[in-house]
$ cat structure.cif   # mmCIF, C-alpha atoms
data_input
#
loop_
_atom_site.group_PDB
_atom_site.id
_atom_site.type_symbol
_atom_site.label_atom_id
_atom_site.label_comp_id
_atom_site.auth_asym_id
_atom_site.auth_seq_id
_atom_site.Cartn_x
_atom_site.Cartn_y
_atom_site.Cartn_z
ATOM 1 C CA MET L 1 -191.678 34.481 -46.791
ATOM 2 C CA LYS L 2 -193.378 33.860 -50.132
ATOM 3 C CA ILE L 3 -191.742 35.736 -52.998
ATOM 4 C CA ALA L 4 -193.075 36.240 -56.524
ATOM 5 C CA VAL L 5 -190.318 37.105 -59.000
ATOM 6 C CA ILE L 6 -191.516 38.621 -62.271
ATOM 7 C CA THR L 7 -188.960 38.844 -65.066
ATOM 8 C CA GLY L 8 -189.544 40.882 -68.196
ATOM 9 C CA SER L 9 -186.608 40.271 -70.498
ATOM 10 C CA PRO L 10 -186.961 38.463 -73.820
ATOM 11 C CA HIS L 11 -183.343 37.293 -73.380
ATOM 12 C CA LYS L 12 -183.406 33.983 -71.502
ATOM 13 C CA ASP L 13 -179.762 34.229 -70.491
ATOM 14 C CA GLY L 14 -179.367 37.996 -70.399
ATOM 15 C CA THR L 15 -178.248 40.446 -67.757
ATOM 16 C CA THR L 16 -181.461 40.548 -65.764
ATOM 17 C CA ALA L 17 -181.893 36.779 -65.986
ATOM 18 C CA LEU L 18 -178.607 36.568 -64.114
ATOM 19 C CA LEU L 19 -179.812 39.092 -61.521
ATOM 20 C CA ALA L 20 -183.044 37.110 -61.087
ATOM 21 C CA ASP L 21 -181.172 33.810 -60.765
ATOM 22 C CA ARG L 22 -178.841 35.200 -58.124
ATOM 23 C CA PHE L 23 -181.661 36.937 -56.203
ATOM 24 C CA ILE L 24 -183.628 33.671 -56.165
ATOM 25 C CA GLU L 25 -180.569 31.708 -54.997
ATOM 26 C CA GLY L 26 -180.082 34.163 -52.153
ATOM 27 C CA ALA L 27 -183.748 34.121 -51.164
ATOM 28 C CA GLN L 28 -183.906 30.329 -51.216
ATOM 29 C CA SER L 29 -180.710 30.096 -49.158
ATOM 30 C CA ALA L 30 -182.541 32.116 -46.496
ATOM 31 C CA GLY L 31 -185.463 29.681 -46.549
ATOM 32 C CA HIS L 32 -187.886 31.766 -48.602
ATOM 33 C CA LYS L 33 -190.309 30.114 -51.020
ATOM 34 C CA VAL L 34 -189.909 31.594 -54.517
ATOM 35 C CA TYR L 35 -192.202 31.539 -57.534
ATOM 36 C CA ARG L 36 -190.790 32.835 -60.847
ATOM 37 C CA PHE L 37 -192.883 34.155 -63.732
ATOM 38 C CA ASN L 38 -191.012 34.837 -66.973
ATOM 39 C CA ALA L 39 -193.402 37.324 -68.562
ATOM 40 C CA ALA L 40 -191.665 37.451 -71.951
ATOM 41 C CA PHE L 41 -192.412 33.763 -72.510
ATOM 42 C CA GLU L 42 -196.006 33.661 -71.290
ATOM 43 C CA ASP L 43 -199.344 34.365 -72.951
ATOM 44 C CA ILE L 44 -200.133 37.766 -71.436
ATOM 45 C CA HIS L 45 -202.445 40.564 -72.540
ATOM 46 C CA PRO L 46 -202.798 44.226 -71.565
ATOM 47 C CA CYS L 47 -205.533 45.684 -69.415
ATOM 48 C CA LEU L 48 -208.513 46.667 -71.556
ATOM 49 C CA GLY L 49 -209.771 49.284 -69.127
ATOM 50 C CA CYS L 50 -213.177 47.610 -69.150
ATOM 51 C CA ASP L 51 -213.491 47.639 -65.320
ATOM 52 C CA ARG L 52 -215.165 44.223 -65.302
ATOM 53 C CA CYS L 53 -212.893 43.328 -62.384
ATOM 54 C CA GLY L 54 -214.062 46.313 -60.339
ATOM 55 C CA MET L 55 -210.507 46.521 -58.975
ATOM 56 C CA ASP L 56 -211.100 43.363 -56.941
ATOM 57 C CA GLY L 57 -212.095 40.486 -59.144
ATOM 58 C CA ASP L 58 -211.270 38.311 -62.065
ATOM 59 C CA CYS L 59 -209.960 40.010 -65.162
ATOM 60 C CA ILE L 60 -211.785 39.517 -68.439
ATOM 61 C CA GLN L 61 -208.467 38.430 -69.962
ATOM 62 C CA ASN L 62 -208.131 34.652 -69.748
ATOM 63 C CA ASP L 63 -204.343 34.515 -69.852
ATOM 64 C CA ALA L 64 -201.304 33.581 -67.798
ATOM 65 C CA ILE L 65 -201.550 36.717 -65.651
ATOM 66 C CA GLN L 66 -205.119 35.887 -64.604
ATOM 67 C CA ASN L 67 -204.730 32.117 -64.303
ATOM 68 C CA THR L 68 -201.140 31.605 -63.180
ATOM 69 C CA LEU L 69 -199.490 34.769 -61.888
ATOM 70 C CA MET L 70 -202.298 36.542 -60.034
ATOM 71 C CA PRO L 71 -202.915 33.701 -57.539
ATOM 72 C CA GLN L 72 -199.179 33.718 -56.759
ATOM 73 C CA LEU L 73 -199.118 37.516 -56.365
ATOM 74 C CA LEU L 74 -202.053 37.449 -53.990
ATOM 75 C CA GLN L 75 -200.249 34.919 -51.771
ATOM 76 C CA ALA L 76 -196.835 36.611 -52.005
ATOM 77 C CA ASP L 77 -195.349 38.647 -49.213
ATOM 78 C CA LEU L 78 -192.861 40.254 -51.588
ATOM 79 C CA ILE L 79 -192.981 41.048 -55.302
ATOM 80 C CA ALA L 80 -189.679 41.297 -57.181
ATOM 81 C CA LEU L 81 -189.741 43.172 -60.481
ATOM 82 C CA VAL L 82 -186.777 42.226 -62.666
ATOM 83 C CA THR L 83 -186.396 44.084 -65.940
ATOM 84 C CA PRO L 84 -183.850 45.469 -68.336
ATOM 85 C CA VAL L 85 -184.119 49.184 -69.010
ATOM 86 C CA TYR L 86 -185.680 49.842 -72.420
ATOM 87 C CA PHE L 87 -185.688 53.544 -73.304
ATOM 88 C CA PHE L 88 -185.526 54.522 -69.615
ATOM 89 C CA ALA L 89 -188.454 52.280 -68.625
ATOM 90 C CA MET L 90 -189.507 48.757 -67.737
ATOM 91 C CA THR L 91 -190.057 46.348 -70.598
ATOM 92 C CA ALA L 92 -193.513 46.124 -72.165
ATOM 93 C CA GLN L 93 -193.930 42.707 -70.556
ATOM 94 C CA ILE L 94 -193.423 44.071 -67.025
ATOM 95 C CA LYS L 95 -195.554 47.134 -67.755
ATOM 96 C CA THR L 96 -198.343 44.842 -68.995
ATOM 97 C CA ILE L 97 -198.317 43.019 -65.660
ATOM 98 C CA VAL L 98 -198.134 46.229 -63.627
ATOM 99 C CA ASP L 99 -201.172 47.553 -65.490
ATOM 100 C CA ARG L 100 -203.028 44.350 -64.676
ATOM 101 C CA PHE L 101 -202.430 44.899 -60.941
ATOM 102 C CA TYR L 102 -205.559 47.043 -61.366
ATOM 103 C CA SER L 103 -207.780 43.954 -61.147
ATOM 104 C CA ARG L 104 -206.655 43.307 -57.556
ATOM 105 C CA THR L 105 -205.337 46.698 -56.497
ATOM 106 C CA GLY L 106 -206.561 46.589 -52.905
ATOM 107 C CA ARG L 107 -205.443 43.030 -52.295
ATOM 108 C CA LEU L 108 -201.970 43.742 -53.678
ATOM 109 C CA HIS L 109 -201.475 46.739 -51.391
ATOM 110 C CA GLY L 110 -199.168 46.515 -48.407
ATOM 111 C CA LYS L 111 -196.671 43.987 -49.751
ATOM 112 C CA LYS L 112 -192.910 44.250 -49.848
ATOM 113 C CA SER L 113 -191.103 44.792 -53.127
ATOM 114 C CA VAL L 114 -187.699 44.903 -54.775
ATOM 115 C CA LEU L 115 -186.460 46.146 -58.148
ATOM 116 C CA LEU L 116 -183.611 44.539 -60.055
ATOM 117 C CA THR L 117 -182.680 46.171 -63.335
ATOM 118 C CA ALA L 118 -179.784 46.421 -65.778
ATOM 119 C CA ALA L 119 -179.033 48.747 -68.669
ATOM 120 C CA GLY L 120 -176.425 49.048 -71.359
ATOM 121 C CA SER L 121 -176.097 52.775 -70.913
ATOM 122 C CA ASP L 122 -174.331 54.303 -67.957
ATOM 123 C CA THR L 123 -175.281 57.961 -68.365
ATOM 124 C CA ASP L 124 -176.727 59.849 -65.417
ATOM 125 C CA LEU L 125 -180.191 59.529 -67.016
ATOM 126 C CA THR L 126 -180.101 55.753 -67.345
ATOM 127 C CA MET L 127 -181.783 54.747 -64.091
ATOM 128 C CA ARG L 128 -183.572 57.968 -63.204
ATOM 129 C CA ALA L 129 -186.894 57.304 -64.983
ATOM 130 C CA ILE L 130 -187.203 53.622 -64.111
ATOM 131 C CA ALA L 131 -186.363 54.319 -60.453
ATOM 132 C CA SER L 132 -188.910 57.139 -60.403
ATOM 133 C CA HIS L 133 -191.593 54.890 -61.929
ATOM 134 C CA TYR L 134 -190.809 52.186 -59.374
ATOM 135 C CA ASP L 135 -190.927 54.723 -56.523
ATOM 136 C CA THR L 136 -194.337 55.916 -57.735
ATOM 137 C CA LEU L 137 -195.625 52.337 -57.992
ATOM 138 C CA VAL L 138 -194.344 51.535 -54.491
ATOM 139 C CA ARG L 139 -196.028 54.599 -53.068
ATOM 140 C CA TYR L 140 -199.347 53.992 -54.842
ATOM 141 C CA MET L 141 -199.446 50.287 -53.936
ATOM 142 C CA GLU L 142 -198.363 51.084 -50.360
ATOM 143 C CA TRP L 143 -195.514 48.620 -50.704
ATOM 144 C CA ASP L 144 -192.451 48.504 -48.500
ATOM 145 C CA ASP L 145 -189.426 48.948 -50.784
ATOM 146 C CA SER L 146 -187.067 46.263 -49.518
ATOM 147 C CA GLY L 147 -184.208 47.135 -51.844
ATOM 148 C CA ARG L 148 -183.007 47.441 -55.366
ATOM 149 C CA VAL L 149 -180.112 46.572 -57.597
ATOM 150 C CA LEU L 150 -179.592 49.096 -60.378
ATOM 151 C CA ALA L 151 -176.913 47.963 -62.829
ATOM 152 C CA PRO L 152 -176.072 50.649 -65.413
ATOM 153 C CA GLY L 153 -173.329 50.035 -67.959
ATOM 154 C CA CYS L 154 -174.118 46.318 -68.302
ATOM 155 C CA PRO L 155 -175.191 45.727 -71.913
ATOM 156 C CA THR L 156 -174.374 41.992 -71.993
ATOM 157 C CA ARG L 157 -174.144 39.044 -69.659
ATOM 158 C CA ASP L 158 -170.374 38.801 -69.923
ATOM 159 C CA VAL L 159 -170.091 42.431 -68.810
ATOM 160 C CA ILE L 160 -172.435 42.122 -65.815
ATOM 161 C CA GLU L 161 -170.728 38.887 -64.736
ATOM 162 C CA LYS L 162 -167.548 40.918 -64.158
ATOM 163 C CA THR L 163 -169.315 43.310 -61.779
ATOM 164 C CA ASP L 164 -170.551 43.037 -58.205
ATOM 165 C CA TYR L 165 -174.224 43.371 -59.271
ATOM 166 C CA PRO L 166 -174.930 39.595 -59.267
ATOM 167 C CA ASN L 167 -173.563 39.420 -55.705
ATOM 168 C CA GLN L 168 -175.696 42.387 -54.734
ATOM 169 C CA ALA L 169 -178.754 40.560 -56.093
ATOM 170 C CA TYR L 170 -177.847 37.433 -54.126
ATOM 171 C CA ASN L 171 -177.310 39.418 -50.930
ATOM 172 C CA LEU L 172 -180.595 41.258 -51.399
ATOM 173 C CA GLY L 173 -182.440 37.935 -51.605
ATOM 174 C CA ALA L 174 -180.500 36.374 -48.744
ATOM 175 C CA ASN L 175 -181.066 39.302 -46.395
ATOM 176 C CA LEU L 176 -184.811 39.798 -46.770
#
$ encode --input "structure.cif" --output "structure tokens"
Amino acid sequence: MKIAVITGSPHKDGTTALLADRFIEGAQSAGHKVYRFNAAFEDIHPCLGCDRCGMDGDCIQNDAIQNTLMPQLLQADLIALVTPVYFFAMTAQIKTIVDRFYSRTGRLHGKKSVLLTAAGSDTDLTMRAIASHYDTLVRYMEWDDSGRVLAPGCPTRDVIEKTDYPNQAYNLGANL
């Protein structure tokens, strides 16, 4: 299986970087081919709503989403969204990419997907909005939700390292 992993954290060694690393290790151990796109460190731009793409063509933005990520997404069997929770939502970097799915909406339909996310807060509200947004995206894109790791109460890498969440991420990747 071809897997595109999109990370959205500006922290290179943060909580979700660990989840992504472990997910990738698990997926590769199962023989899957993995491509990783670290959105926070790429030249990416938001959708302009110009409709030049017509929902199935090149985007007017000449950036890393158009030139690097989109070809990988089109070939992928599974898309993994990996993001910390920022104010109950995905990071701006992940949201920017999700908005740009518009340019190839039909061709991105029908894939598999996973969500890996971590948050400092552990209140009952922490994961509700991000999980709901992901569920809506999965339904709209007609994706098959292949699993998720939701890690509330993990504000730093040293905290998440002491939990089972990295193992859950590995197992999710290994059992696809």
$ resolve_selection --input "structure.cif" --expression "the PyMOL selection byres ((chain L and resi 71) around 12)" --output "PyMOL selection string"
chain L and resi 4+35+37+57-58+64-70+72-76+101+103-104+107-108
$ atom_distance --input "structure.cif" --atom1 "CA of Glu25 (chain L)" --atom2 "CA of Ala169 (chain L)"
9.1 Å
$ residues_near_point --input "structure.cif" --point "(-195.5, 40.6, -69.1)" --cutoff "7 Å" --atoms "all atoms listed in the file" --output "JSON, numbers by chain"
{"L": [8, 39, 40, 44, 92, 93, 94, 95, 96, 97]}
$ atom_distance --input "structure.cif" --atom1 "CA of Trp143 (chain L)" --atom2 "CA of Leu176 (chain L)"
14.4 Å
$ resolve_selection --input "structure.cif" --expression "the PyMOL selection byres ((chain L and resi 31) around 12)" --output "PyMOL selection string"
chain L and resi 1-3+24-30+32-34+173-176
$ atom_distance --input "structure.cif" --atom1 "CA of Val5 (chain L)" --atom2 "CA of Ala20 (chain L)"
7.6 Å
$ closest_residue --input "structure.cif" --among "L:Asp56, L:Asp144, L:Asp63, L:Asp135" --to "Gly106 (chain L)" --atoms "only C-alpha atoms"
L:Asp56
$ resolve_selection --input "structure.cif" --expression "the PyMOL selection byres ((chain L and resi 16) around 8)" --output "MDAnalysis selection string"
chainID L and resid 7 9 14:15 17:20 82:84 116:118
$ residues_around --input "structure.cif" --residues "region 132-134 of chain L" --least-positions-apart "6" --cutoff "9 Å" --atoms "all atoms listed in the file" --output "list in words"
Ala89, Met90 and Leu115 of chain L
$ residues_around --input "structure.cif" --residues "Tyr170 (chain L)" --least-positions-apart "2" --cutoff "6 Å" --atoms "all atoms listed in the file" --output "list in words"
Arg22, Phe23, Gly26, Asn167, Gln168, Leu172 and Gly173 of chain L
$ residues_around --input "structure.cif" --residues "region 154-158 of chain L" --least-positions-apart "2" --cutoff "12 Å" --atoms "all atoms listed in the file" --output "ChimeraX atom specification"
/L:11-19,84-86,117-123,126,150-152,160-166
$ residues_around --input "structure.cif" --residues "Val114 (chain L)" --least-positions-apart "2" --cutoff "8 Å" --atoms "all atoms listed in the file" --output "PyMOL selection string"
chain L and resi 78-81+112+116+145-148
$ closest_residue --input "structure.cif" --among "L:Glu142, L:Asp43, L:Leu125, L:Ala131" --to "Gly110 (chain L)" --atoms "all atoms listed in the file"
L:Glu142
$ axis_aligned_box --input "structure.cif" --around "region 148-153 of chain L" --padding-each-side "8 Å" --output "AutoDock Vina command-line options"
--center_x -178.2 --center_y 48.6 --center_z -61.7 --size_x 25.7 --size_y 20.1 --size_z 28.6
